[in-house]
$ cat run.cif   # mmCIF, C-alpha atoms
data_query
#
loop_
_atom_site.label_atom_id
_atom_site.label_comp_id
_atom_site.auth_asym_id
_atom_site.auth_seq_id
_atom_site.Cartn_x
_atom_site.Cartn_y
_atom_site.Cartn_z
CA MET A 1 0.00 0.00 0.00
CA LEU A 2 2.85 2.38 0.84
CA ASN A 3 4.37 1.75 -2.57
CA ASN A 4 1.02 2.40 -4.28
CA ASN A 5 0.57 5.57 -2.25
CA ASN A 6 4.02 6.73 -3.30
CA ILE A 7 3.11 6.15 -6.95
CA CYS A 8 -0.09 8.15 -6.52
CA ALA A 9 1.79 10.94 -4.77
CA ASN A 10 4.38 11.07 -7.55
CA GLN A 11 1.65 11.19 -10.17
CA LEU A 12 -0.05 14.03 -8.28
CA ILE A 13 3.19 16.00 -8.05
CA GLU A 14 3.83 15.51 -11.77
CA ALA A 15 0.26 16.51 -12.64
CA GLU A 16 0.52 19.63 -10.46
CA ALA A 17 3.80 20.62 -12.15
CA GLN A 18 2.15 20.24 -15.55
CA SER A 19 -0.89 22.24 -14.45
CA TRP A 20 1.34 25.08 -13.18
CA ASP A 21 3.04 25.09 -16.57
CA HIS A 22 -0.36 25.58 -18.22
CA ILE A 23 -1.40 28.21 -15.67
CA LEU A 24 1.74 30.29 -16.18
CA SER A 25 2.14 29.68 -19.91
CA TYR A 26 0.36 32.98 -20.72
CA LEU A 27 3.57 34.72 -19.63
CA ARG A 28 5.67 33.10 -22.36
CA PRO A 29 4.46 35.17 -25.33
CA SER A 30 4.34 38.29 -23.13
CA CYS A 31 8.01 37.87 -22.24
CA ILE A 32 8.96 37.26 -25.88
CA LYS A 33 6.97 40.32 -26.97
CA CYS A 34 8.77 42.35 -24.29
CA ALA A 35 12.14 41.16 -25.65
CA ILE A 36 11.11 42.23 -29.17
CA GLN A 37 9.90 45.64 -27.94
CA LEU A 38 13.22 46.19 -26.13
CA GLY A 39 15.09 45.08 -29.24
CA ILE A 40 17.07 42.37 -27.42
CA PRO A 41 17.29 39.93 -30.38
CA ASP A 42 18.50 42.77 -32.63
CA ILE A 43 21.06 43.99 -30.09
CA LEU A 44 22.55 40.51 -29.70
CA HIS A 45 22.53 40.00 -33.47
CA LYS A 46 24.35 43.28 -34.17
CA ASN A 47 26.93 42.78 -31.40
CA PRO A 48 30.38 42.27 -32.99
CA ASN A 49 31.09 39.35 -30.65
CA PRO A 50 28.85 36.27 -30.61
CA ILE A 51 28.53 36.51 -26.81
CA MET A 52 27.37 39.75 -25.16
CA SER A 53 27.81 40.40 -21.44
CA LEU A 54 24.79 41.28 -19.34
CA SER A 55 26.26 44.69 -18.50
CA ASP A 56 26.83 45.50 -22.19
CA LEU A 57 23.32 44.31 -23.05
CA ILE A 58 21.76 46.52 -20.37
CA ALA A 59 23.82 49.49 -21.56
CA ALA A 60 22.55 48.95 -25.11
CA LEU A 61 18.86 48.84 -24.16
CA PRO A 62 17.15 52.08 -25.22
CA ASN A 63 15.01 54.12 -22.81
CA LEU A 64 15.36 51.62 -19.97
CA ASN A 65 14.30 53.06 -16.63
CA PRO A 66 17.37 52.73 -14.33
CA SER A 67 15.16 51.45 -11.50
CA LYS A 68 14.17 48.44 -13.68
CA ILE A 69 17.71 47.27 -14.53
CA THR A 70 17.55 44.46 -11.98
CA PHE A 71 14.61 42.95 -13.87
CA ILE A 72 16.61 42.32 -17.06
CA PRO A 73 18.48 39.22 -15.77
CA ILE A 74 15.12 37.85 -14.58
CA LEU A 75 13.65 38.37 -18.05
CA MET A 76 16.73 36.89 -19.73
CA ARG A 77 16.60 33.83 -17.48
CA VAL A 78 13.10 32.86 -18.68
CA LEU A 79 13.98 33.67 -22.30
CA VAL A 80 16.92 31.25 -21.95
CA ASP A 81 14.43 28.69 -20.58
CA PHE A 82 12.28 29.24 -23.69
CA GLY A 83 15.27 28.52 -25.95
CA LEU A 84 15.61 32.02 -27.44
CA PHE A 85 19.05 32.73 -26.00
CA ASN A 86 22.06 30.82 -24.70
CA TYR A 87 23.51 31.70 -21.29
CA HIS A 88 27.30 31.69 -20.93
CA GLN A 89 28.18 31.86 -17.24
CA GLN A 90 31.87 31.32 -17.88
CA GLN A 91 31.99 34.41 -20.11
CA GLY A 92 30.87 36.90 -17.48
CA ASP A 93 27.14 36.20 -17.51
CA GLY A 94 26.97 36.54 -21.29
CA TYR A 95 24.19 35.79 -23.77
CA SER A 96 24.01 34.75 -27.42
CA LEU A 97 21.23 34.11 -29.91
CA THR A 98 19.94 30.60 -30.57
CA SER A 99 18.55 29.63 -33.98
CA VAL A 100 15.06 30.25 -32.56
CA GLY A 101 16.02 33.67 -31.23
CA ARG A 102 17.48 34.54 -34.63
CA LEU A 103 13.97 34.24 -36.11
CA LEU A 104 12.90 37.23 -34.00
CA VAL A 105 15.54 39.57 -35.45
CA GLU A 106 13.96 42.43 -37.38
CA ASN A 107 14.03 41.95 -41.18
CA ASP A 108 15.66 38.53 -40.88
CA LEU A 109 15.17 36.74 -44.19
CA PHE A 110 13.50 33.75 -42.52
CA GLY A 111 12.15 35.61 -39.49
CA LYS A 112 8.86 34.97 -37.67
CA ARG A 113 8.91 38.27 -35.78
CA SER A 114 5.99 39.84 -37.69
CA PHE A 115 3.94 36.67 -37.39
CA PHE A 116 4.59 36.54 -33.65
CA LEU A 117 3.48 40.16 -33.23
CA PHE A 118 0.34 39.41 -35.27
CA ALA A 119 -0.45 36.44 -33.01
CA GLN A 120 -0.10 38.74 -29.98
CA HIS A 121 -2.38 41.43 -31.42
CA PRO A 122 -5.34 42.11 -29.08
CA VAL A 123 -7.81 41.26 -31.86
CA VAL A 124 -6.30 37.76 -32.25
CA LEU A 125 -6.02 37.16 -28.50
CA ASN A 126 -9.57 38.36 -27.92
CA THR A 127 -10.90 35.92 -30.52
CA ALA A 128 -9.48 32.98 -28.56
CA ALA A 129 -10.88 34.42 -25.32
CA TYR A 130 -14.40 34.18 -26.81
CA MET A 131 -14.13 30.45 -27.57
CA GLY A 132 -16.37 29.42 -24.67
CA ASP A 133 -19.04 31.99 -25.58
CA TRP A 134 -18.91 30.93 -29.24
CA LEU A 135 -19.56 27.28 -28.37
CA ARG A 136 -22.86 28.36 -26.80
CA ASP A 137 -24.11 30.69 -29.57
CA ASP A 138 -25.18 30.08 -33.18
CA LEU A 139 -22.46 32.11 -34.95
CA SER A 140 -20.01 30.40 -37.28
CA THR A 141 -16.78 31.65 -35.66
CA ALA A 142 -15.48 32.93 -32.34
CA PHE A 143 -14.27 35.96 -34.31
CA GLU A 144 -17.88 36.83 -35.14
CA THR A 145 -18.85 36.27 -31.51
CA ALA A 146 -16.16 38.76 -30.45
CA TYR A 147 -16.55 41.38 -33.21
CA GLY A 148 -19.95 40.86 -34.85
CA LYS A 149 -18.48 40.40 -38.35
CA SER A 150 -16.23 38.07 -40.29
CA HIS A 151 -12.45 38.25 -40.07
CA TRP A 152 -12.17 39.43 -43.70
CA ASP A 153 -14.81 42.16 -43.26
CA TYR A 154 -12.97 43.35 -40.14
CA CYS A 155 -9.67 43.49 -42.06
CA ALA A 156 -11.29 45.56 -44.81
CA GLU A 157 -12.59 48.08 -42.24
CA GLU A 158 -9.60 48.23 -39.86
CA PRO A 159 -6.40 49.30 -41.70
CA GLU A 160 -4.18 49.00 -38.61
CA PHE A 161 -5.04 45.32 -38.02
CA ASN A 162 -5.00 44.63 -41.76
CA GLY A 163 -1.48 46.09 -41.92
CA VAL A 164 -0.25 43.85 -39.08
CA LEU A 165 -1.77 40.82 -40.85
CA ASN A 166 -0.18 41.77 -44.18
CA ASP A 167 3.22 42.22 -42.50
CA ALA A 168 2.90 38.74 -40.99
CA MET A 169 1.92 37.20 -44.33
CA ALA A 170 4.78 39.01 -46.09
CA SER A 171 7.35 37.75 -43.58
CA ASP A 172 6.07 34.20 -43.97
CA SER A 173 6.17 34.62 -47.73
CA ARG A 174 9.86 35.53 -47.64
CA LEU A 175 10.62 32.17 -46.04
CA ILE A 176 8.43 30.25 -48.49
CA SER A 177 9.85 32.22 -51.43
CA ASN A 178 13.38 31.12 -50.66
CA LEU A 179 12.27 27.50 -50.36
CA LEU A 180 10.31 27.68 -53.62
CA ILE A 181 13.26 28.90 -55.68
CA SER A 182 15.73 26.56 -53.96
CA ASP A 183 16.86 23.29 -55.51
CA CYS A 184 14.22 21.26 -53.64
CA CYS A 185 11.28 23.09 -55.29
CA ALA A 186 12.56 24.99 -58.34
CA GLY A 187 11.51 22.16 -60.69
CA VAL A 188 7.88 23.00 -59.96
CA PHE A 189 8.18 26.08 -62.23
CA GLU A 190 10.06 24.44 -65.12
CA GLY A 191 8.30 24.92 -68.45
CA LEU A 192 5.80 27.49 -67.15
CA THR A 193 5.33 30.80 -68.95
CA SER A 194 2.67 32.33 -66.66
CA LEU A 195 1.58 32.02 -63.04
CA VAL A 196 -1.18 33.62 -60.97
CA ASP A 197 -0.47 33.97 -57.23
CA ILE A 198 -3.98 34.04 -55.72
CA GLY A 199 -4.20 35.96 -52.47
CA GLY A 200 -0.58 36.96 -53.03
CA GLY A 201 -0.83 40.00 -50.75
CA THR A 202 2.06 42.43 -51.14
CA GLY A 203 3.69 40.18 -53.74
CA ALA A 204 6.65 38.81 -51.78
CA VAL A 205 6.37 35.29 -53.23
CA ALA A 206 5.60 36.44 -56.77
CA MET A 207 8.52 38.90 -56.72
CA ALA A 208 10.93 36.14 -55.71
CA ILE A 209 9.61 33.77 -58.39
CA ALA A 210 9.63 36.52 -61.04
CA GLY A 211 13.21 37.37 -60.14
CA ALA A 212 14.36 33.76 -60.27
CA PHE A 213 12.50 32.99 -63.51
CA PRO A 214 12.66 36.12 -65.74
CA ARG A 215 10.69 34.44 -68.57
CA LEU A 216 7.81 33.53 -66.25
CA LYS A 217 5.04 36.15 -66.11
CA CYS A 218 3.77 36.42 -62.54
CA ILE A 219 0.40 37.95 -61.64
CA VAL A 220 -0.60 38.75 -58.05
CA LEU A 221 -4.37 38.63 -57.52
CA ASP A 222 -5.79 39.99 -54.27
CA LEU A 223 -8.57 42.21 -52.95
CA PRO A 224 -8.46 45.95 -53.75
CA HIS A 225 -7.66 47.03 -50.16
CA VAL A 226 -4.67 44.65 -50.18
CA ILE A 227 -3.33 45.56 -53.63
CA GLY A 228 -3.80 49.29 -52.99
CA ASP A 229 -1.73 51.33 -55.44
CA ARG A 230 0.92 48.67 -56.07
CA LYS A 231 2.16 48.56 -59.64
CA GLY A 232 4.09 45.76 -61.27
CA SER A 233 7.09 45.97 -63.56
CA GLY A 234 8.83 43.66 -65.98
CA ASN A 235 7.34 40.18 -65.60
CA LEU A 236 5.36 41.06 -62.44
CA GLU A 237 1.79 42.38 -62.46
CA PHE A 238 -0.73 43.22 -59.72
CA VAL A 239 -4.48 42.68 -60.29
CA ALA A 240 -7.18 43.76 -57.84
CA GLY A 241 -10.21 41.51 -57.63
CA SER A 242 -11.94 38.59 -55.93
CA MET A 243 -10.67 35.08 -56.55
CA PHE A 244 -14.27 33.86 -56.44
CA ASP A 245 -15.28 36.16 -59.32
CA LYS A 246 -12.55 35.95 -61.93
CA ILE A 247 -9.05 34.48 -62.09
CA PRO A 248 -6.67 35.55 -64.90
CA HIS A 249 -5.73 32.73 -67.30
CA ALA A 250 -2.26 31.24 -66.82
CA ASN A 251 -0.29 27.99 -67.11
CA ALA A 252 -0.38 27.55 -63.36
CA ILE A 253 -2.03 28.97 -60.27
CA LEU A 254 -0.37 29.27 -56.87
CA LEU A 255 -2.40 29.02 -53.66
CA LYS A 256 -0.12 29.68 -50.70
CA TRP A 257 -1.89 29.19 -47.38
CA ILE A 258 -5.24 30.15 -48.94
CA LEU A 259 -7.42 27.05 -48.84
CA HIS A 260 -7.07 26.52 -45.10
CA ASN A 261 -8.98 29.80 -44.66
CA TRP A 262 -12.11 28.44 -46.33
CA SER A 263 -14.77 25.77 -45.88
CA ASP A 264 -14.81 22.65 -48.05
CA GLU A 265 -17.66 24.12 -50.10
CA ASN A 266 -15.78 27.35 -50.83
CA CYS A 267 -12.54 25.46 -51.52
CA VAL A 268 -14.28 23.33 -54.16
CA LYS A 269 -15.80 26.49 -55.66
CA LEU A 270 -12.37 28.17 -55.80
CA LEU A 271 -10.62 25.11 -57.20
CA LYS A 272 -13.23 24.87 -59.97
CA LYS A 273 -12.49 28.53 -60.82
CA CYS A 274 -8.80 27.68 -60.92
CA LYS A 275 -9.46 24.72 -63.23
CA GLU A 276 -11.31 27.02 -65.66
CA SER A 277 -8.27 29.35 -65.81
CA ILE A 278 -5.54 26.83 -66.65
CA PRO A 279 -4.90 24.60 -69.69
CA SER A 280 -5.21 20.81 -69.68
CA LYS A 281 -2.70 18.59 -67.92
CA GLU A 282 -1.27 17.62 -71.33
CA ASN A 283 -0.59 21.30 -72.02
CA GLY A 284 1.14 21.84 -68.68
CA GLY A 285 -1.76 23.16 -66.60
CA LYS A 286 -1.61 22.71 -62.84
CA VAL A 287 -2.44 24.27 -59.50
CA ILE A 288 0.37 24.57 -56.95
CA ILE A 289 -0.77 24.48 -53.33
CA ILE A 290 1.30 25.31 -50.27
CA ASP A 291 -0.68 24.26 -47.24
CA MET A 292 -0.72 21.91 -44.31
CA VAL A 293 -1.18 18.16 -44.64
CA MET A 294 -2.22 17.23 -41.12
CA GLU A 295 0.01 14.80 -39.25
CA ASP A 296 2.14 14.05 -42.31
CA ASN A 297 5.23 14.31 -40.12
CA CYS A 298 4.12 12.32 -37.08
CA SER A 299 7.71 11.75 -35.93
CA ASN A 300 8.02 15.45 -35.01
CA GLU A 301 5.74 15.87 -32.01
CA GLN A 302 6.23 19.64 -31.86
CA LEU A 303 5.20 20.05 -35.51
CA VAL A 304 2.11 17.90 -34.97
CA GLN A 305 1.08 19.98 -31.93
CA SER A 306 1.52 23.16 -33.98
CA GLN A 307 -0.65 21.68 -36.73
CA HIS A 308 -3.35 20.85 -34.18
CA LEU A 309 -3.27 24.40 -32.82
CA MET A 310 -3.38 25.90 -36.31
CA ASP A 311 -6.40 23.72 -37.07
CA LEU A 312 -8.12 25.08 -33.96
CA LEU A 313 -7.23 28.66 -34.96
CA MET A 314 -8.70 28.22 -38.44
CA ARG A 315 -11.93 26.84 -37.02
CA ILE A 316 -12.51 29.68 -34.53
CA THR A 317 -11.40 32.43 -36.94
CA HIS A 318 -12.63 31.35 -40.37
CA ALA A 319 -14.95 28.34 -39.83
CA SER A 320 -12.38 26.42 -41.89
CA LYS A 321 -9.78 23.79 -41.05
CA GLU A 322 -6.46 22.16 -41.77
CA ARG A 323 -6.77 18.92 -43.72
CA THR A 324 -5.40 15.39 -43.84
CA GLU A 325 -4.23 13.91 -47.16
CA LYS A 326 -7.52 12.02 -47.48
CA GLU A 327 -9.50 15.26 -47.00
CA TRP A 328 -7.34 17.05 -49.58
CA GLU A 329 -7.88 14.23 -52.06
CA LYS A 330 -11.68 14.51 -51.68
CA LEU A 331 -11.54 18.27 -52.35
CA PHE A 332 -9.48 17.76 -55.50
CA LEU A 333 -11.81 15.06 -56.84
CA ASP A 334 -14.96 17.05 -55.99
CA ALA A 335 -13.51 20.01 -57.94
CA GLY A 336 -12.95 17.81 -61.01
CA PHE A 337 -9.17 17.39 -60.87
CA SER A 338 -7.69 14.11 -62.13
CA GLY A 339 -4.80 13.69 -59.74
CA TYR A 340 -2.36 15.20 -57.29
CA LYS A 341 1.16 14.80 -55.98
CA ILE A 342 2.63 15.89 -52.65
CA ILE A 343 6.00 17.15 -53.85
CA THR A 344 7.82 17.84 -50.62
CA SER A 345 7.44 18.81 -46.99
CA LEU A 346 8.15 22.42 -46.05
CA GLY A 347 8.15 21.86 -42.30
CA LEU A 348 4.70 22.72 -41.01
CA ARG A 349 3.33 22.77 -44.56
CA SER A 350 3.66 20.80 -47.78
CA LEU A 351 3.84 21.60 -51.48
CA ILE A 352 1.10 19.89 -53.51
CA GLU A 353 0.58 19.86 -57.28
CA ILE A 354 -2.91 19.08 -58.63
CA TYR A 355 -3.69 18.39 -62.28
CA PRO A 356 -6.87 19.03 -64.32
#
$ encode --input "run.cif" --output "structure tokens"
Amino acid sequence: MLNNNNICANQLIEAEAQSWDHILSYLRPSCIKCAIQLGIPDILHKNPNPIMSLSDLIAALPNLNPSKITFIPILMRVLVDFGLFNYHQQQGDGYSLTSVGRLLVENDLFGKRSFFLFAQHPVVLNTAAYMGDWLRDDLSTAFETAYGKSHWDYCAEEPEFNGVLNDAMASDSRLISNLLISDCCAGVFEGLTSLVDIGGGTGAVAMAIAGAFPRLKCIVLDLPHVIGDRKGSGNLEFVAGSMFDKIPHANAILLKWILHNWSDENCVKLLKKCKESIPSKENGGKVIIIDMVMEDNCSNEQLVQSQHLMDLLMRITHASKERTEKEWEKLFLDAGFSGYKIITSLGLRSLIEIYP
């Protein structure tokens, strides 16, 4: 009995430790946001030496109230715990960037800083806070429960929030752009003479593709409030309009992180529109999709958890979802496509080609 009691006590202690982690986890993004606001990742990145002492770091922090200096090592300690920075005790209490911390450096080519700040925007946080209320009302999303309108209508009416979202999408596009024109994906564009990037936002992906493939005409299609007064040049063109109304004709159509924003019904409708705008498979027509294939990388537990959370986010924000390969296949067949191929994994997402 004593042994059984000890097992129960150990289980209780472990459960309590896990529950405290959940209780206090709200502080994690707040601490990271604080580090970004203070410019700590940028200061460490710009430091001529890979390791920066605590005293030098404090001296480099702008507009820091002298009475709050003693809080900086406390903040740095938890940021080390989160894996953003390395702590070097032997080098005079010094700090250096980890590969994760590097992603928070401003204007880093592969950075997630803008996406992190978008996720911490009060509008996004408030949507999640309304989850319980949403489950008891008859609205389609928690976003509507919180704001009385759809996410896209809110973006069209609130330029500040729309700007934060566009910055996040643009930063993500820079990462995807580099992967698309790298050796692992460049073959996707071989033989194409024209491409429409649907929902291409500020054009980050299309610009990279147009630059890498000068003979490939790239068209960015997005809503008027997103396109604004942007003008193309050379083999890049911007077109304002709705993807559900009219899609310019091209050899191929690119849908980067678009379909996960929409219901199955709307996805089929959009894919049918895409099919009408491309030539036959024999003449090189195809749709290129960059989106999540749920649990396609089950060996990476952290990636799978992120996919599950993204699926939840899509459901409470857009009444949409992330999809398994079987669910993707059904969409493609329902839209009249003859086949598909998952080309490669891009971490959280995959690159899929579908053929008319």
$ residues_around --input "run.cif" --residues "range 322-334 of chain A" --least-positions-apart "2" --cutoff "8 Å" --atoms "only C-alpha atoms" --output "list in words"
His260, Asp264, Cys267, Val268, Leu271, Met292, Val293, Met294, Glu295, Asp296, Gln307, Met310, Asp311, Met314, Ser320, Gly336, Phe337, Ser338, Gly339, Tyr340 and Ile354 of chain A
$ residues_around --input "run.cif" --residues "Asn126 in chain A" --least-positions-apart "4" --cutoff "9 Å" --atoms "only C-alpha atoms" --output "PyMOL selection string"
chain A and resi 121-122+130+143+146
$ residues_near_point --input "run.cif" --point "(11.9, 44.8, -26.9)" --cutoff "12 Å" --atoms "only C-alpha atoms" --output "PDB file with C-alpha atoms, in the frame of the given file"
ATOM      1  CA  SER A  30       4.340  38.290 -23.130  1.00  0.00           C
ATOM      2  CA  CYS A  31       8.010  37.870 -22.240  1.00  0.00           C
ATOM      3  CA  ILE A  32       8.960  37.260 -25.880  1.00  0.00           C
ATOM      4  CA  LYS A  33       6.970  40.320 -26.970  1.00  0.00           C
ATOM      5  CA  CYS A  34       8.770  42.350 -24.290  1.00  0.00           C
ATOM      6  CA  ALA A  35      12.140  41.160 -25.650  1.00  0.00           C
ATOM      7  CA  ILE A  36      11.110  42.230 -29.170  1.00  0.00           C
ATOM      8  CA  GLN A  37       9.900  45.640 -27.940  1.00  0.00           C
ATOM      9  CA  LEU A  38      13.220  46.190 -26.130  1.00  0.00           C
ATOM     10  CA  GLY A  39      15.090  45.080 -29.240  1.00  0.00           C
ATOM     11  CA  ILE A  40      17.070  42.370 -27.420  1.00  0.00           C
ATOM     12  CA  PRO A  41      17.290  39.930 -30.380  1.00  0.00           C
ATOM     13  CA  ASP A  42      18.500  42.770 -32.630  1.00  0.00           C
ATOM     14  CA  ILE A  43      21.060  43.990 -30.090  1.00  0.00           C
ATOM     15  CA  LEU A  44      22.550  40.510 -29.700  1.00  0.00           C
ATOM     16  CA  ILE A  58      21.760  46.520 -20.370  1.00  0.00           C
ATOM     17  CA  ALA A  60      22.550  48.950 -25.110  1.00  0.00           C
ATOM     18  CA  LEU A  61      18.860  48.840 -24.160  1.00  0.00           C
ATOM     19  CA  PRO A  62      17.150  52.080 -25.220  1.00  0.00           C
ATOM     20  CA  ASN A  63      15.010  54.120 -22.810  1.00  0.00           C
ATOM     21  CA  LEU A  64      15.360  51.620 -19.970  1.00  0.00           C
ATOM     22  CA  ILE A  72      16.610  42.320 -17.060  1.00  0.00           C
ATOM     23  CA  LEU A  75      13.650  38.370 -18.050  1.00  0.00           C
ATOM     24  CA  MET A  76      16.730  36.890 -19.730  1.00  0.00           C
ATOM     25  CA  LEU A 104      12.900  37.230 -34.000  1.00  0.00           C
ATOM     26  CA  VAL A 105      15.540  39.570 -35.450  1.00  0.00           C
ATOM     27  CA  GLU A 106      13.960  42.430 -37.380  1.00  0.00           C
ATOM     28  CA  ARG A 113       8.910  38.270 -35.780  1.00  0.00           C
ATOM     29  CA  LEU A 117       3.480  40.160 -33.230  1.00  0.00           C
TER      30      LEU A 117
END
$ closest_residue --input "run.cif" --among "A:Ser280, A:Asn65, A:Thr145, A:Asn178" --to "Thr127 in chain A" --atoms "only C-alpha atoms"
A:Thr145
$ residues_around --input "run.cif" --residues "Val287 in chain A" --least-positions-apart "3" --cutoff "7 Å" --atoms "all atoms listed in the file" --output "list in words"
Ala252, Ile253, Leu254, Glu353, Ile354 and Tyr355 of chain A
$ decode --input "run.cif" --residues "range 256-274 of chain A" --atoms "N, CA, C and O atoms" --output "CSV table (one decimal), in the first residue's frame"
chain,number,residue,atom,x,y,z
A,256,LYS,N,-0.9,29.8,-51.9
A,256,LYS,CA,-0.1,29.7,-50.7
A,256,LYS,C,-0.9,30.0,-49.5
A,256,LYS,O,-1.3,31.2,-49.3
A,257,TRP,N,-1.2,29.0,-48.6
A,257,TRP,CA,-1.9,29.2,-47.4
A,257,TRP,C,-3.2,29.9,-47.6
A,257,TRP,O,-3.5,30.9,-46.8
A,258,ILE,N,-3.9,29.5,-48.6
A,258,ILE,CA,-5.2,30.1,-48.9
A,258,ILE,C,-6.4,29.2,-48.6
A,258,ILE,O,-7.3,29.6,-47.9
A,259,LEU,N,-6.3,28.0,-49.0
A,259,LEU,CA,-7.4,27.1,-48.8
A,259,LEU,C,-7.7,26.7,-47.4
A,259,LEU,O,-8.9,26.4,-47.1
A,260,HIS,N,-6.8,26.8,-46.5
A,260,HIS,CA,-7.1,26.5,-45.1
A,260,HIS,C,-7.9,27.6,-44.5
A,260,HIS,O,-8.4,27.4,-43.3
A,261,ASN,N,-8.1,28.7,-45.2
A,261,ASN,CA,-9.0,29.8,-44.7
A,261,ASN,C,-10.5,29.6,-45.0
A,261,ASN,O,-11.3,30.4,-44.6
A,262,TRP,N,-10.8,28.6,-45.8
A,262,TRP,CA,-12.1,28.4,-46.3
A,262,TRP,C,-12.7,27.1,-46.1
A,262,TRP,O,-12.0,26.1,-45.9
A,263,SER,N,-14.0,27.0,-46.1
A,263,SER,CA,-14.8,25.8,-45.9
A,263,SER,C,-14.6,24.9,-47.1
A,263,SER,O,-14.1,25.3,-48.2
A,264,ASP,N,-14.9,23.6,-46.9
A,264,ASP,CA,-14.8,22.7,-48.0
A,264,ASP,C,-15.6,23.1,-49.3
A,264,ASP,O,-15.1,23.1,-50.4
A,265,GLU,N,-16.8,23.6,-49.0
A,265,GLU,CA,-17.7,24.1,-50.1
A,265,GLU,C,-17.0,25.3,-50.9
A,265,GLU,O,-17.0,25.3,-52.1
A,266,ASN,N,-16.4,26.2,-50.2
A,266,ASN,CA,-15.8,27.4,-50.8
A,266,ASN,C,-14.5,26.9,-51.5
A,266,ASN,O,-14.1,27.5,-52.5
A,267,CYS,N,-13.8,26.0,-50.9
A,267,CYS,CA,-12.5,25.5,-51.5
A,267,CYS,C,-12.8,24.8,-52.9
A,267,CYS,O,-12.1,25.0,-53.8
A,268,VAL,N,-13.9,24.0,-52.9
A,268,VAL,CA,-14.3,23.3,-54.2
A,268,VAL,C,-14.7,24.4,-55.2
A,268,VAL,O,-14.3,24.3,-56.4
A,269,LYS,N,-15.4,25.4,-54.8
A,269,LYS,CA,-15.8,26.5,-55.7
A,269,LYS,C,-14.6,27.2,-56.2
A,269,LYS,O,-14.5,27.5,-57.4
A,270,LEU,N,-13.6,27.5,-55.4
A,270,LEU,CA,-12.4,28.2,-55.8
A,270,LEU,C,-11.5,27.3,-56.7
A,270,LEU,O,-11.0,27.7,-57.8
A,271,LEU,N,-11.4,26.0,-56.4
A,271,LEU,CA,-10.6,25.1,-57.2
A,271,LEU,C,-11.2,24.9,-58.6
A,271,LEU,O,-10.5,24.8,-59.6
A,272,LYS,N,-12.6,24.9,-58.7
A,272,LYS,CA,-13.2,24.9,-60.0
A,272,LYS,C,-12.9,26.1,-60.8
A,272,LYS,O,-12.7,26.0,-62.0
A,273,LYS,N,-12.9,27.3,-60.1
A,273,LYS,CA,-12.5,28.5,-60.8
A,273,LYS,C,-11.1,28.4,-61.3
A,273,LYS,O,-10.7,28.9,-62.4
A,274,CYS,N,-10.2,27.9,-60.5
A,274,CYS,CA,-8.8,27.7,-60.9
A,274,CYS,C,-8.7,26.8,-62.1
A,274,CYS,O,-8.0,27.1,-63.1
